[in-house]
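These notes are about the structure you will find just below.
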Amino acid sequence: MKKLEIIIESVERKKVCRILDEVGVKGYSIIDDIQGRGKTGPKYAQDLSNILKSSLIIVVDEDETIQKAIDKLKEVFKYYSGKMFLSDVKVIE
Amino acid sequence: MKKLEIIIESVERKKVCRILDEVGVKGYSIIDDIQGRGKTGPKYAQDLSNILKSSLIIVVDEDETIQKAIDKLKEVFKYYSGKMFLSDVKVIE
Amino acid sequence: MKKLEIIIESVERKKVCRILDEVGVKGYSIIDDIQGRGKTGPKYAQDLSNILKSSLIIVVDEDETIQKAIDKLKEVFKYYSGKMFLSDVKVIE
Amino acid sequence: MEFLSDALSNFSSPMILFFLLGFISTILKSDIEIPEVITKTLAIYFMIAIGLKGGFEISKSGIDTNLYTSIINSLLIGVIVPVVAFLILKFVGKFDSTNSGAIAAHYGSVSVVTFVTAISFLNSKTEPYSGFMVGMMALMESPAIFVSLFLVRIFNSEKIASLKSNTVDLLKESLFNASVVLLFGSLLIGFAVGEKGITAVKPFFIEPFNGVLTLFLLDMGMIAGKRIAEFKAVGLFLFFFAIIMPIISASITIFLSSLFGFSVGDILLFTVLAASASYIAAPAAVRIALPQANPAYYITMSLAITFPFNIIVGIPFYYYLINMFR
Amino acid sequence: MEFLSDALSNFSSPMILFFLLGFISTILKSDIEIPEVITKTLAIYFMIAIGLKGGFEISKSGIDTNLYTSIINSLLIGVIVPVVAFLILKFVGKFDSTNSGAIAAHYGSVSVVTFVTAISFLNSKTEPYSGFMVGMMALMESPAIFVSLFLVRIFNSEKIASLKSNTVDLLKESLFNASVVLLFGSLLIGFAVGEKGITAVKPFFIEPFNGVLTLFLLDMGMIAGKRIAEFKAVGLFLFFFAIIMPIISASITIFLSSLFGFSVGDILLFTVLAASASYIAAPAAVRIALPQANPAYYITMSLAITFPFNIIVGIPFYYYLINMFR
Amino acid sequence: MEFLSDALSNFSSPMILFFLLGFISTILKSDIEIPEVITKTLAIYFMIAIGLKGGFEISKSGIDTNLYTSIINSLLIGVIVPVVAFLILKFVGKFDSTNSGAIAAHYGSVSVVTFVTAISFLNSKTEPYSGFMVGMMALMESPAIFVSLFLVRIFNSEKIASLKSNTVDLLKESLFNASVVLLFGSLLIGFAVGEKGITAVKPFFIEPFNGVLTLFLLDMGMIAGKRIAEFKAVGLFLFFFAIIMPIISASITIFLSSLFGFSVGDILLFTVLAASASYIAAPAAVRIALPQANPAYYITMSLAITFPFNIIVGIPFYYYLINMFR
Ligand SMILES: Nc1ncnc2c1ncn2[C@@H]1O[C@H](COP(=O)(O)O)[C@@H](O)[C@H]1O
Ligand SMILES: Nc1ncnc2c1ncn2[C@@H]1O[C@H](COP(=O)(O)O)[C@@H](O)[C@H]1O
Ligand SMILES: Nc1ncnc2c1ncn2[C@@H]1O[C@H](COP(=O)(O)O)[C@@H](O)[C@H]1O
Ligand code: NA
Ligand code: NA
Ligand code: NA
């Protein structure tokens, strides 16, 4: 199986989850309050606006479903900062 | 070495850590307040009860120790929702 | 590409990020409030001092850059508890 | 007539109005968010506040025979309500024993916030009540959970092999659960510190109480509103159960308590304890003891249907019934 | 003369002094940290507090024609300010339409905390103001954002293909944003609950208000101070825009409002609403509707330059201008 | 006799009783949890509150020679205590220099919460004290840490090659640490704002103070109780050191301070500053400067043994000693 780790600005987290629901992935796990740095600069959540932080969404599923999700998610990454990492994983339970 | 990522309902987190201590793994790291969706439905922690959220426990150790841990942990997953993902990892320090 | 997962005591998180900035990695993501257990004992953040918890820093970059980062980070691990895990990952976006 | 005017005056209480605002804001998909850590801390604040006040009032008025009859009444209710709930769910609703027991545990236990709202209601009507009622609430937190587990066991001994070990887990974790320790502890401390001690903490724990409750109920309105989506999963029977069971519990309790001859204020508090369903302590206990039960049922019912029903309609309605019945 | 003494007496206000302390502490690299969840909860506290108070005062004084002229004034300002800001940014600053619109949205919207600080200022001068001004603030939260999006569209229809769908996203998320619902809701509730209701919640929402604001401004000082590092990214033009635009908005508003004949207190509040820039609600709305705009610009300007300017210099200065102008 | 009655009356203080309740609740494995963000925010609240009050009182009473002798006394104590602690740990306890220095740094520094509890104790006895004592506390926060690092260096120059760079790190991070900036800042602000400013923030920072302290001590009781498991790791010598060192520090301080001729209230506060061990600021500083030291030692000792000892037994005992000594 494949593990897709999506790091996306928190303002778009709901949209990403909606896309994952539409694609019909087996499930996903969300970690909020991610800080960090990327090519668009540092994100350290040091203000009240909620827009300078990211969320990490972990999706584990079959290769084809993951690929479908990636194709639909590329749209979000056109305007919002973040990253997608793909790795191999074995599901035990 | 192997990396075992355990996503389990937060109410069972202490039991999982206890099992890992009994098995004698080298160590583990815990991330709480995981939200998400799985086959038992969405978990978005939107209430006071503490039961609609998960914890992520990362355990890195030798293959055999990890396997021992997996065998003991299967008991917990009989009644509680969550997932176990296994991947390869190299330990630097 | 390689994914380097650094678990380090939270008091040294700023120094680790500074080292990563000096090395010039493409970016990194930070998850704070990691609890856990390692060879130096349990870390459960059950006090006001901020020193009994860890941060997880995820860095994805080319092999050489990651190796440079690892070499510079080893200094931090001389005195502070934590771990570094290296794995393969494919960058989508 | 008075019930209508009481129910309507509920709508001039900032507490109830902010609850409604929170609820409505979720329908408008507005994104007000009170962080979970605040909700948890406010819950602790309430338990300390009412425990201190109750204990102090006991120290002023002294312990009388009413205390003993109240304990008996509490334990009676704490057993009767889950049993009635279980039987209705299993034999009328046709639910399996596990889910019946899980839901019964919630309705047999209590909602601290509903109790606190009832206290606020009684204060606004200058209707007196006994300080020890807080202790009765602490007493009624846990028994229903064990009664329900027992019912699950006797109706289903072969299917749930894990019930015994899960119950042991629960006992280890829950005999001294947070609410019970905090309520009883604050009661004892309120009893012990006297006038000087209460005066020292009054500006924090007593005077801002209604304001804090208002903020908390705004939060609860939003939390309840977010669960409306789950109503479909709950189904029609459980939806009505979540409204009718409180009325059944209330009726049983008003009858029983009137036999004992308690004051109107105390009977209202007993009634609210019986009619309310826990959504803080019971879910965690039930998730440990009855993991095969569906959390969507008991959390949605107690939090999104019974709790709003009780604080908007229930409290004034029970008050009216009690005055009628006397 | 009076302006100087007002500005100087600002420096004997604990609110302003703690803001400065927070700011200075970041320069000293001190590690005071007020958790984000507290900041968010305090913001909610303020909106409830001023809404309740405002609504209650309307219920006492009644609704008069001033309300209708105020609404017209608010909507006028809510359109004129973002248009002026946009034009200055695009044609004087030579910024692209997207960034011009993003920043204009912030300056056309309002800062609740600046408004609250102005209320505190007026109270300290025992200068009266109308209860409905809170409603005017709620009114001025959103229009500027849509006005700015419209300006971006008409000046740039081909380049931003996504604008229409992003705006639809925004409408779905933002028409009933948290601040608007909370402010209007608290206003209505304050109007409805009367004396009895307000008295119940006064010890929490009214009396500690200034103290809570002090703690919040310490926090804001630290948040603003941490963004000083971004000043380089903002650049010279935008730095001065962040100070001069409030003065331009203030002048336009004082002129317009004086035409309408409002009281001094109300004109100050209109002026502060116009001169302040949102840093809670607008950034999220703009990030959804105009993702190509650079957040470093609008967040740093509104939070780290305009907000400090307004509460330290602006408020006393506008008050002086208003009294001069009359 | 009076000590016994003072110690016993400690047990009718809601502050101490809730501390004990928190402690006991961990023994009962009860799961009350006050979120960490609340604990941190309450700590900030205290520092602002006592700084403001202290500064205001200095503005009323004026600055006198006592201030200068107090500064000398503070610096003396801030050097003597860590030196004595270090020598006992190294030469009696046979601990290495690093751990001796790490622990000495904690005992030479101060516990703001213990100080605040002592203030509450003095208020309850209507025993006056000087406003500037808050400034003395701020003064005594950091010196002991650098004194201890110096001691580690001179007793161990070859083994710890990293000490110099770690100390530089520490200086960069800690010269203006949160507590020092907040305390001195609030002192200055309290001095500057006068009667009007203090009245504005009194309902938040002054009146609810004891109630907030009660909630905080409940939290501290739970935090201390959870560390009982670590007592084994601490060992017998350090366990007794954690109780006896405060008494030694207290004795030295009472003697020194009486020579200077300060008031009873001020001597008690000096004594509490000397006898208390930091568990908020010092652990972070020590972790950066002396990472080879074992955190289980210094955190458990200062938080789970010395702090409870000081607030339950220590404060009334020192008060008794001071009155005896005069
Ligand atoms: N190479 C990377 N490794 C890990 N996280 C990254 C990396 N690049 C970006 N991120 C994360 O993605 C966020 C946005 O990155 P960017 O779109 O490059 O500005 C950052 O704030 C990080 O949290
Ligand atoms: N395929 C998946 N990928 C990532 N996380 C998952 C997946 N399935 C389940 N989870 C996580 O495990 C929790 C429980 O899942 P389940 O037991 O399937 O209901 C979910 O709330 C998610 O946090
Ligand atoms: N084998 C492991 N797997 C996952 N996390 C670990 C492991 N060992 C240590 N850690 C993490 O690193 C922290 C410090 O470990 P140590 O340096 O071994 O005391 C622990 O508190 C854990 O959060
Ligand atoms: Na009940
Ligand atoms: Na504006
Ligand atoms: Na000390």
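Chain labels run A, B, ... following the order of the structure tokens; each chain numbers its residues from 1, and ligands are numbered from 1 in the order shown.
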
Handout entry: Members of segment 6-76 of chain A assigned alpha helix (DSSP H) by DSSP, as an MDAnalysis selection string
Key = chainID A and resid 13:23 63:76

With N, CA, C and O atoms retained, could you export that selection as a JSON list (two decimals), in the first residue's frame?
[["chain", "number", "residue", "atom", "x", "y", "z"],
["A", 13, "ARG", "N", -7.61, 22.81, 4.66],
["A", 13, "ARG", "CA", -7.69, 21.45, 5.18],
["A", 13, "ARG", "C", -9.05, 20.83, 4.91],
["A", 13, "ARG", "O", -9.16, 19.67, 4.50],
["A", 14, "LYS", "N", -10.13, 21.61, 5.12],
["A", 14, "LYS", "CA", -11.46, 21.06, 4.93],
["A", 14, "LYS", "C", -11.67, 20.66, 3.48],
["A", 14, "LYS", "O", -12.26, 19.62, 3.18],
["A", 15, "LYS", "N", -11.14, 21.48, 2.56],
["A", 15, "LYS", "CA", -11.31, 21.16, 1.14],
["A", 15, "LYS", "C", -10.55, 19.87, 0.80],
["A", 15, "LYS", "O", -11.06, 19.01, 0.06],
["A", 16, "VAL", "N", -9.35, 19.72, 1.33],
["A", 16, "VAL", "CA", -8.58, 18.50, 1.06],
["A", 16, "VAL", "C", -9.35, 17.29, 1.57],
["A", 16, "VAL", "O", -9.45, 16.27, 0.87],
["A", 17, "CYS", "N", -9.91, 17.37, 2.78],
["A", 17, "CYS", "CA", -10.65, 16.23, 3.31],
["A", 17, "CYS", "C", -11.88, 15.94, 2.45],
["A", 17, "CYS", "O", -12.25, 14.77, 2.24],
["A", 18, "ARG", "N", -12.52, 17.01, 1.94],
["A", 18, "ARG", "CA", -13.68, 16.80, 1.09],
["A", 18, "ARG", "C", -13.29, 16.06, -0.18],
["A", 18, "ARG", "O", -13.99, 15.13, -0.63],
["A", 19, "ILE", "N", -12.14, 16.46, -0.76],
["A", 19, "ILE", "CA", -11.67, 15.78, -1.97],
["A", 19, "ILE", "C", -11.36, 14.32, -1.67],
["A", 19, "ILE", "O", -11.70, 13.42, -2.45],
["A", 20, "LEU", "N", -10.73, 14.05, -0.52],
["A", 20, "LEU", "CA", -10.43, 12.67, -0.15],
["A", 20, "LEU", "C", -11.72, 11.87, 0.02],
["A", 20, "LEU", "O", -11.80, 10.69, -0.37],
["A", 21, "ASP", "N", -12.75, 12.49, 0.61],
["A", 21, "ASP", "CA", -14.03, 11.79, 0.76],
["A", 21, "ASP", "C", -14.63, 11.48, -0.61],
["A", 21, "ASP", "O", -15.14, 10.39, -0.85],
["A", 22, "GLU", "N", -14.55, 12.46, -1.52],
["A", 22, "GLU", "CA", -15.10, 12.22, -2.86],
["A", 22, "GLU", "C", -14.37, 11.08, -3.57],
["A", 22, "GLU", "O", -14.99, 10.22, -4.19],
["A", 23, "VAL", "N", -13.04, 11.08, -3.50],
["A", 23, "VAL", "CA", -12.27, 10.00, -4.12],
["A", 23, "VAL", "C", -12.61, 8.67, -3.48],
["A", 23, "VAL", "O", -12.56, 7.62, -4.13],
["A", 63, "ASP", "N", -2.44, 1.81, -4.34],
["A", 63, "ASP", "CA", -1.75, 2.72, -5.25],
["A", 63, "ASP", "C", -2.71, 3.52, -6.13],
["A", 63, "ASP", "O", -2.55, 4.73, -6.32],
["A", 64, "GLU", "N", -3.73, 2.83, -6.70],
["A", 64, "GLU", "CA", -4.59, 3.53, -7.67],
["A", 64, "GLU", "C", -5.43, 4.59, -6.99],
["A", 64, "GLU", "O", -5.59, 5.71, -7.52],
["A", 65, "THR", "N", -5.98, 4.25, -5.79],
["A", 65, "THR", "CA", -6.79, 5.25, -5.09],
["A", 65, "THR", "C", -5.94, 6.46, -4.72],
["A", 65, "THR", "O", -6.36, 7.62, -4.89],
["A", 66, "ILE", "N", -4.74, 6.18, -4.25],
["A", 66, "ILE", "CA", -3.84, 7.28, -3.88],
["A", 66, "ILE", "C", -3.55, 8.14, -5.11],
["A", 66, "ILE", "O", -3.55, 9.37, -5.05],
["A", 67, "GLN", "N", -3.34, 7.46, -6.27],
["A", 67, "GLN", "CA", -3.04, 8.23, -7.47],
["A", 67, "GLN", "C", -4.22, 9.12, -7.86],
["A", 67, "GLN", "O", -4.05, 10.28, -8.23],
["A", 68, "LYS", "N", -5.43, 8.57, -7.75],
["A", 68, "LYS", "CA", -6.63, 9.38, -8.02],
["A", 68, "LYS", "C", -6.67, 10.59, -7.10],
["A", 68, "LYS", "O", -6.98, 11.71, -7.55],
["A", 69, "ALA", "N", -6.36, 10.35, -5.82],
["A", 69, "ALA", "CA", -6.40, 11.47, -4.87],
["A", 69, "ALA", "C", -5.37, 12.53, -5.25],
["A", 69, "ALA", "O", -5.67, 13.73, -5.26],
["A", 70, "ILE", "N", -4.16, 12.07, -5.61],
["A", 70, "ILE", "CA", -3.11, 13.02, -5.97],
["A", 70, "ILE", "C", -3.54, 13.89, -7.14],
["A", 70, "ILE", "O", -3.35, 15.11, -7.15],
["A", 71, "ASP", "N", -4.15, 13.23, -8.15],
["A", 71, "ASP", "CA", -4.56, 13.99, -9.33],
["A", 71, "ASP", "C", -5.56, 15.08, -8.97],
["A", 71, "ASP", "O", -5.49, 16.20, -9.48],
["A", 72, "LYS", "N", -6.52, 14.74, -8.10],
["A", 72, "LYS", "CA", -7.52, 15.75, -7.72],
["A", 72, "LYS", "C", -6.94, 16.81, -6.80],
["A", 72, "LYS", "O", -7.39, 17.96, -6.79],
["A", 73, "LEU", "N", -5.92, 16.44, -6.02],
["A", 73, "LEU", "CA", -5.38, 17.40, -5.05],
["A", 73, "LEU", "C", -4.46, 18.42, -5.68],
["A", 73, "LEU", "O", -4.23, 19.49, -5.11],
["A", 74, "LYS", "N", -3.93, 18.08, -6.87],
["A", 74, "LYS", "CA", -2.99, 19.02, -7.50],
["A", 74, "LYS", "C", -3.62, 20.39, -7.68],
["A", 74, "LYS", "O", -2.93, 21.40, -7.65],
["A", 75, "GLU", "N", -4.95, 20.39, -7.86],
["A", 75, "GLU", "CA", -5.67, 21.66, -8.02],
["A", 75, "GLU", "C", -5.47, 22.57, -6.81],
["A", 75, "GLU", "O", -5.26, 23.77, -6.95],
["A", 76, "VAL", "N", -5.54, 22.00, -5.61],
["A", 76, "VAL", "CA", -5.39, 22.80, -4.39],
["A", 76, "VAL", "C", -3.99, 23.40, -4.32],
["A", 76, "VAL", "O", -3.82, 24.55, -3.92]]

Practice task
Kindly compile the residues surrounding ligand 2 within 6 Å, counting only C-alpha atoms and all ligand atoms, and format them as a list of chain:residue names.
Solution key: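 So, counting only C-alpha atoms and all ligand atoms, the residues near ligand 2 are A:Lys26, A:Gly27, A:Tyr28, A:Ser29, A:Ile58, A:Val59, A:Val60, A:Asp61, B:Ile7, B:Gln35, B:Gly36, B:Arg37, B:Gly38, B:Lys39, B:Thr40, B:Gly41, B:Pro42, B:Lys43, B:Ser81, B:Gly82, B:Lys83.
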
Atoms kept (N, CA and C atoms) for selection, written as a PDB file, in the first residue's frame:
ATOM      1  N   LYS A  26      -9.789   4.970   1.916  1.00  0.00           N
ATOM      2  CA  LYS A  26     -10.190   4.149   3.063  1.00  0.00           C
ATOM      3  C   LYS A  26     -10.272   4.956   4.351  1.00  0.00           C
ATOM      4  N   GLY A  27      -9.463   5.974   4.443  1.00  0.00           N
ATOM      5  CA  GLY A  27      -9.475   6.765   5.670  1.00  0.00           C
ATOM      6  C   GLY A  27      -8.315   7.729   5.654  1.00  0.00           C
ATOM      7  N   TYR A  28      -8.261   8.611   6.618  1.00  0.00           N
ATOM      8  CA  TYR A  28      -7.131   9.528   6.734  1.00  0.00           C
ATOM      9  C   TYR A  28      -7.042  10.034   8.161  1.00  0.00           C
ATOM     10  N   SER A  29      -5.853  10.497   8.527  1.00  0.00           N
ATOM     11  CA  SER A  29      -5.614  11.026   9.871  1.00  0.00           C
ATOM     12  C   SER A  29      -5.051  12.429   9.740  1.00  0.00           C
ATOM     13  N   ILE A  58      -2.481  12.270   6.707  1.00  0.00           N
ATOM     14  CA  ILE A  58      -1.879  10.990   6.335  1.00  0.00           C
ATOM     15  C   ILE A  58      -2.967  10.099   5.744  1.00  0.00           C
ATOM     16  N   VAL A  59      -2.747   9.654   4.495  1.00  0.00           N
ATOM     17  CA  VAL A  59      -3.719   8.783   3.836  1.00  0.00           C
ATOM     18  C   VAL A  59      -3.020   7.494   3.421  1.00  0.00           C
ATOM     19  N   VAL A  60      -3.527   6.372   3.870  1.00  0.00           N
ATOM     20  CA  VAL A  60      -2.962   5.087   3.463  1.00  0.00           C
ATOM     21  C   VAL A  60      -4.011   4.335   2.667  1.00  0.00           C
ATOM     22  N   ASP A  61      -3.622   3.928   1.459  1.00  0.00           N
ATOM     23  CA  ASP A  61      -4.586   3.216   0.605  1.00  0.00           C
ATOM     24  C   ASP A  61      -3.841   2.529  -0.542  1.00  0.00           C
TER      25      ASP A  61
ATOM     26  N   ILE B   7      -2.176   4.073  15.033  1.00  0.00           N
ATOM     27  CA  ILE B   7      -3.213   5.075  15.271  1.00  0.00           C
ATOM     28  C   ILE B   7      -4.293   4.373  16.061  1.00  0.00           C
ATOM     29  N   GLN B  35      -7.269  13.815  14.517  1.00  0.00           N
ATOM     30  CA  GLN B  35      -8.633  13.686  14.030  1.00  0.00           C
ATOM     31  C   GLN B  35      -8.574  12.861  12.743  1.00  0.00           C
ATOM     32  N   GLY B  36      -9.726  12.573  12.163  1.00  0.00           N
ATOM     33  CA  GLY B  36      -9.661  11.803  10.939  1.00  0.00           C
ATOM     34  C   GLY B  36     -10.943  11.079  10.606  1.00  0.00           C
ATOM     35  N   ARG B  37     -10.804  10.133   9.691  1.00  0.00           N
ATOM     36  CA  ARG B  37     -11.964   9.328   9.288  1.00  0.00           C
ATOM     37  C   ARG B  37     -11.466   7.934   8.973  1.00  0.00           C
ATOM     38  N   GLY B  38     -12.273   6.956   9.381  1.00  0.00           N
ATOM     39  CA  GLY B  38     -11.932   5.577   9.063  1.00  0.00           C
ATOM     40  C   GLY B  38     -13.204   4.827   8.786  1.00  0.00           C
ATOM     41  N   LYS B  39     -13.165   3.491   8.858  1.00  0.00           N
ATOM     42  CA  LYS B  39     -14.390   2.763   8.552  1.00  0.00           C
ATOM     43  C   LYS B  39     -15.448   2.914   9.634  1.00  0.00           C
ATOM     44  N   THR B  40     -15.051   3.300  10.825  1.00  0.00           N
ATOM     45  CA  THR B  40     -16.054   3.505  11.873  1.00  0.00           C
ATOM     46  C   THR B  40     -16.545   4.947  11.909  1.00  0.00           C
ATOM     47  N   GLY B  41     -16.253   5.698  10.853  1.00  0.00           N
ATOM     48  CA  GLY B  41     -16.819   7.025  10.780  1.00  0.00           C
ATOM     49  C   GLY B  41     -15.821   8.118  11.141  1.00  0.00           C
ATOM     50  N   PRO B  42     -16.304   9.377  11.099  1.00  0.00           N
ATOM     51  CA  PRO B  42     -15.410  10.497  11.343  1.00  0.00           C
ATOM     52  C   PRO B  42     -15.124  10.665  12.838  1.00  0.00           C
ATOM     53  N   LYS B  43     -13.904  11.151  13.103  1.00  0.00           N
ATOM     54  CA  LYS B  43     -13.553  11.446  14.478  1.00  0.00           C
ATOM     55  C   LYS B  43     -13.024  12.870  14.498  1.00  0.00           C
ATOM     56  N   SER B  81     -11.126   1.225  17.451  1.00  0.00           N
ATOM     57  CA  SER B  81     -10.792   1.569  16.072  1.00  0.00           C
ATOM     58  C   SER B  81      -9.405   2.170  15.997  1.00  0.00           C
ATOM     59  N   GLY B  82      -8.778   1.941  14.856  1.00  0.00           N
ATOM     60  CA  GLY B  82      -7.434   2.439  14.659  1.00  0.00           C
ATOM     61  C   GLY B  82      -6.762   1.664  13.546  1.00  0.00           C
ATOM     62  N   LYS B  83      -5.452   1.933  13.355  1.00  0.00           N
ATOM     63  CA  LYS B  83      -4.725   1.280  12.278  1.00  0.00           C
ATOM     64  C   LYS B  83      -3.265   1.083  12.680  1.00  0.00           C
TER      65      LYS B  83
END

Near Lys78 of chain A, within 10 Å and counting only C-alpha atoms, which residues show up once chain neighbours fewer than 5 positions away are dropped, as a PDB file with N, CA and C atoms, in the first residue's frame?
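Contents of around_19.pdb, freshly written:
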ATOM      1  N   LEU A  73      -5.919  16.443  -6.020  1.00  0.00           N
ATOM      2  CA  LEU A  73      -5.383  17.398  -5.049  1.00  0.00           C
ATOM      3  C   LEU A  73      -4.457  18.422  -5.683  1.00  0.00           C
TER       4      LEU A  73
ATOM      5  N   GLU C  93       4.634  17.042  -4.964  1.00  0.00           N
ATOM      6  CA  GLU C  93       4.479  18.470  -5.273  1.00  0.00           C
ATOM      7  C   GLU C  93       5.518  19.241  -4.494  1.00  0.00           C
TER       8      GLU C  93
ATOM      9  N   PRO E 291      -5.687  33.782  -3.052  1.00  0.00           N
ATOM     10  CA  PRO E 291      -4.500  33.070  -2.580  1.00  0.00           C
ATOM     11  C   PRO E 291      -3.206  33.535  -3.241  1.00  0.00           C
ATOM     12  N   GLN E 292      -3.315  34.230  -4.405  1.00  0.00           N
ATOM     13  CA  GLN E 292      -2.069  34.689  -5.019  1.00  0.00           C
ATOM     14  C   GLN E 292      -1.512  35.915  -4.313  1.00  0.00           C
TER      15      GLN E 292
END

Would you superpose chain C on chain B, least squares on all C-alpha atoms in order, and hand back the fitted chain as a compact mmCIF listing (two decimals) with C-alpha atoms, in the first residue's frame?
# COMPACT_ATOMS: atom_id res chain seq x y z
CA MET C 1 14.87 -1.30 11.40
CA LYS C 2 11.14 -1.05 11.20
CA LYS C 3 8.87 1.89 11.98
CA LEU C 4 5.47 0.96 13.33
CA GLU C 5 2.87 3.74 13.29
CA ILE C 6 -0.09 2.96 15.54
CA ILE C 7 -3.21 5.08 15.27
CA ILE C 8 -5.53 4.20 18.15
CA GLU C 9 -8.48 5.76 19.92
CA SER C 10 -7.09 8.03 22.64
CA VAL C 11 -8.95 6.16 25.40
CA GLU C 12 -6.68 3.16 24.75
CA ARG C 13 -3.46 5.08 24.41
CA LYS C 14 -2.29 4.26 27.94
CA LYS C 15 -2.94 0.56 27.40
CA VAL C 16 -0.98 0.57 24.13
CA CYS C 17 1.97 2.25 25.85
CA ARG C 18 1.79 -0.27 28.66
CA ILE C 19 1.92 -3.12 26.14
CA LEU C 20 4.90 -1.51 24.42
CA ASP C 21 6.66 -1.19 27.80
CA GLU C 22 5.98 -4.88 28.53
CA VAL C 23 7.34 -5.95 25.15
CA GLY C 24 10.39 -3.80 25.93
CA VAL C 25 10.64 -1.67 22.76
CA LYS C 26 13.53 0.76 22.56
CA GLY C 27 11.18 3.72 22.78
CA TYR C 28 8.16 5.39 21.26
CA SER C 29 6.80 8.85 20.49
CA ILE C 30 3.21 9.93 20.97
CA ILE C 31 1.20 12.55 19.07
CA ASP C 32 -2.23 13.21 20.56
CA ASP C 33 -5.29 15.01 19.21
CA ILE C 34 -5.38 13.18 15.89
CA GLN C 35 -8.63 13.70 14.02
CA GLY C 36 -9.66 11.81 10.94
CA ARG C 37 -11.94 9.33 9.30
CA GLY C 38 -11.93 5.58 9.04
CA LYS C 39 -14.40 2.75 8.53
CA THR C 40 -16.06 3.51 11.86
CA GLY C 41 -16.83 7.03 10.77
CA PRO C 42 -15.41 10.49 11.35
CA LYS C 43 -13.54 11.42 14.49
CA TYR C 44 -13.42 15.16 14.94
CA ALA C 45 -13.12 15.61 18.68
CA GLN C 46 -16.00 18.07 18.70
CA ASP C 47 -17.19 17.32 22.17
CA LEU C 48 -16.12 17.10 25.79
CA SER C 49 -15.97 13.33 26.09
CA ASN C 50 -12.45 12.74 24.79
CA ILE C 51 -13.53 9.61 22.97
CA LEU C 52 -13.81 10.90 19.40
CA LYS C 53 -10.14 11.41 18.78
CA SER C 54 -7.08 9.27 18.21
CA SER C 55 -3.42 9.19 19.16
CA LEU C 56 -0.52 8.33 16.87
CA ILE C 57 2.29 6.28 18.42
CA ILE C 58 5.54 5.89 16.48
CA VAL C 59 7.74 2.93 17.47
CA VAL C 60 11.10 2.26 15.82
CA ASP C 61 12.88 -0.99 16.66
CA GLU C 62 14.23 -4.25 15.29
CA ASP C 63 11.92 -6.41 13.17
CA GLU C 64 11.43 -9.08 15.81
CA THR C 65 10.61 -6.68 18.62
CA ILE C 66 8.17 -4.84 16.39
CA GLN C 67 6.56 -8.16 15.43
CA LYS C 68 6.18 -9.07 19.09
CA ALA C 69 4.54 -5.71 19.72
CA ILE C 70 2.16 -6.15 16.78
CA ASP C 71 1.08 -9.57 18.04
CA LYS C 72 0.25 -8.22 21.49
CA LEU C 73 -1.43 -5.10 20.11
CA LYS C 74 -3.86 -7.00 17.91
CA GLU C 75 -5.92 -7.62 21.05
CA VAL C 76 -6.58 -3.88 21.44
CA PHE C 77 -7.70 -3.53 17.84
CA LYS C 78 -10.37 -6.17 18.33
CA TYR C 79 -12.63 -3.69 20.05
CA TYR C 80 -11.16 -0.27 19.34
CA SER C 81 -10.81 1.56 16.05
CA GLY C 82 -7.45 2.45 14.65
CA LYS C 83 -4.73 1.28 12.28
CA MET C 84 -1.17 -0.03 12.27
CA PHE C 85 1.25 0.85 9.48
CA LEU C 86 4.68 -0.74 9.07
CA SER C 87 7.56 0.74 7.04
CA ASP C 88 11.33 0.52 6.71
CA VAL C 89 13.50 3.09 8.38
CA LYS C 90 17.18 3.61 9.08
CA VAL C 91 18.15 4.84 12.53
CA ILE C 92 20.86 7.50 12.49
CA GLU C 93 21.12 8.29 16.18

May I have a table of the residues of chain F lying at most 7 Å from ligand 6, giving each one's closest pair of atoms and their distance in Å to one decimal, counting only C-alpha atoms and all ligand atoms, ordered by chain and ascending residue number, as a tab-separated table?
residue	atom	partner	partner_atom_place_in_ligand_line	distance
F:His106	CA	ligand 6	1 (Na)	6.9
F:Tyr107	CA	ligand 6	1 (Na)	4.3
F:Gly108	CA	ligand 6	1 (Na)	4.2
F:Ser109	CA	ligand 6	1 (Na)	4.5
F:Val110	CA	ligand 6	1 (Na)	4.4
F:Leu273	CA	ligand 6	1 (Na)	5.0
F:Ala274	CA	ligand 6	1 (Na)	3.7
F:Ala275	CA	ligand 6	1 (Na)	4.7
F:Ser276	CA	ligand 6	1 (Na)	4.2
F:Ala277	CA	ligand 6	1 (Na)	4.7
F:Ser278	CA	ligand 6	1 (Na)	6.9
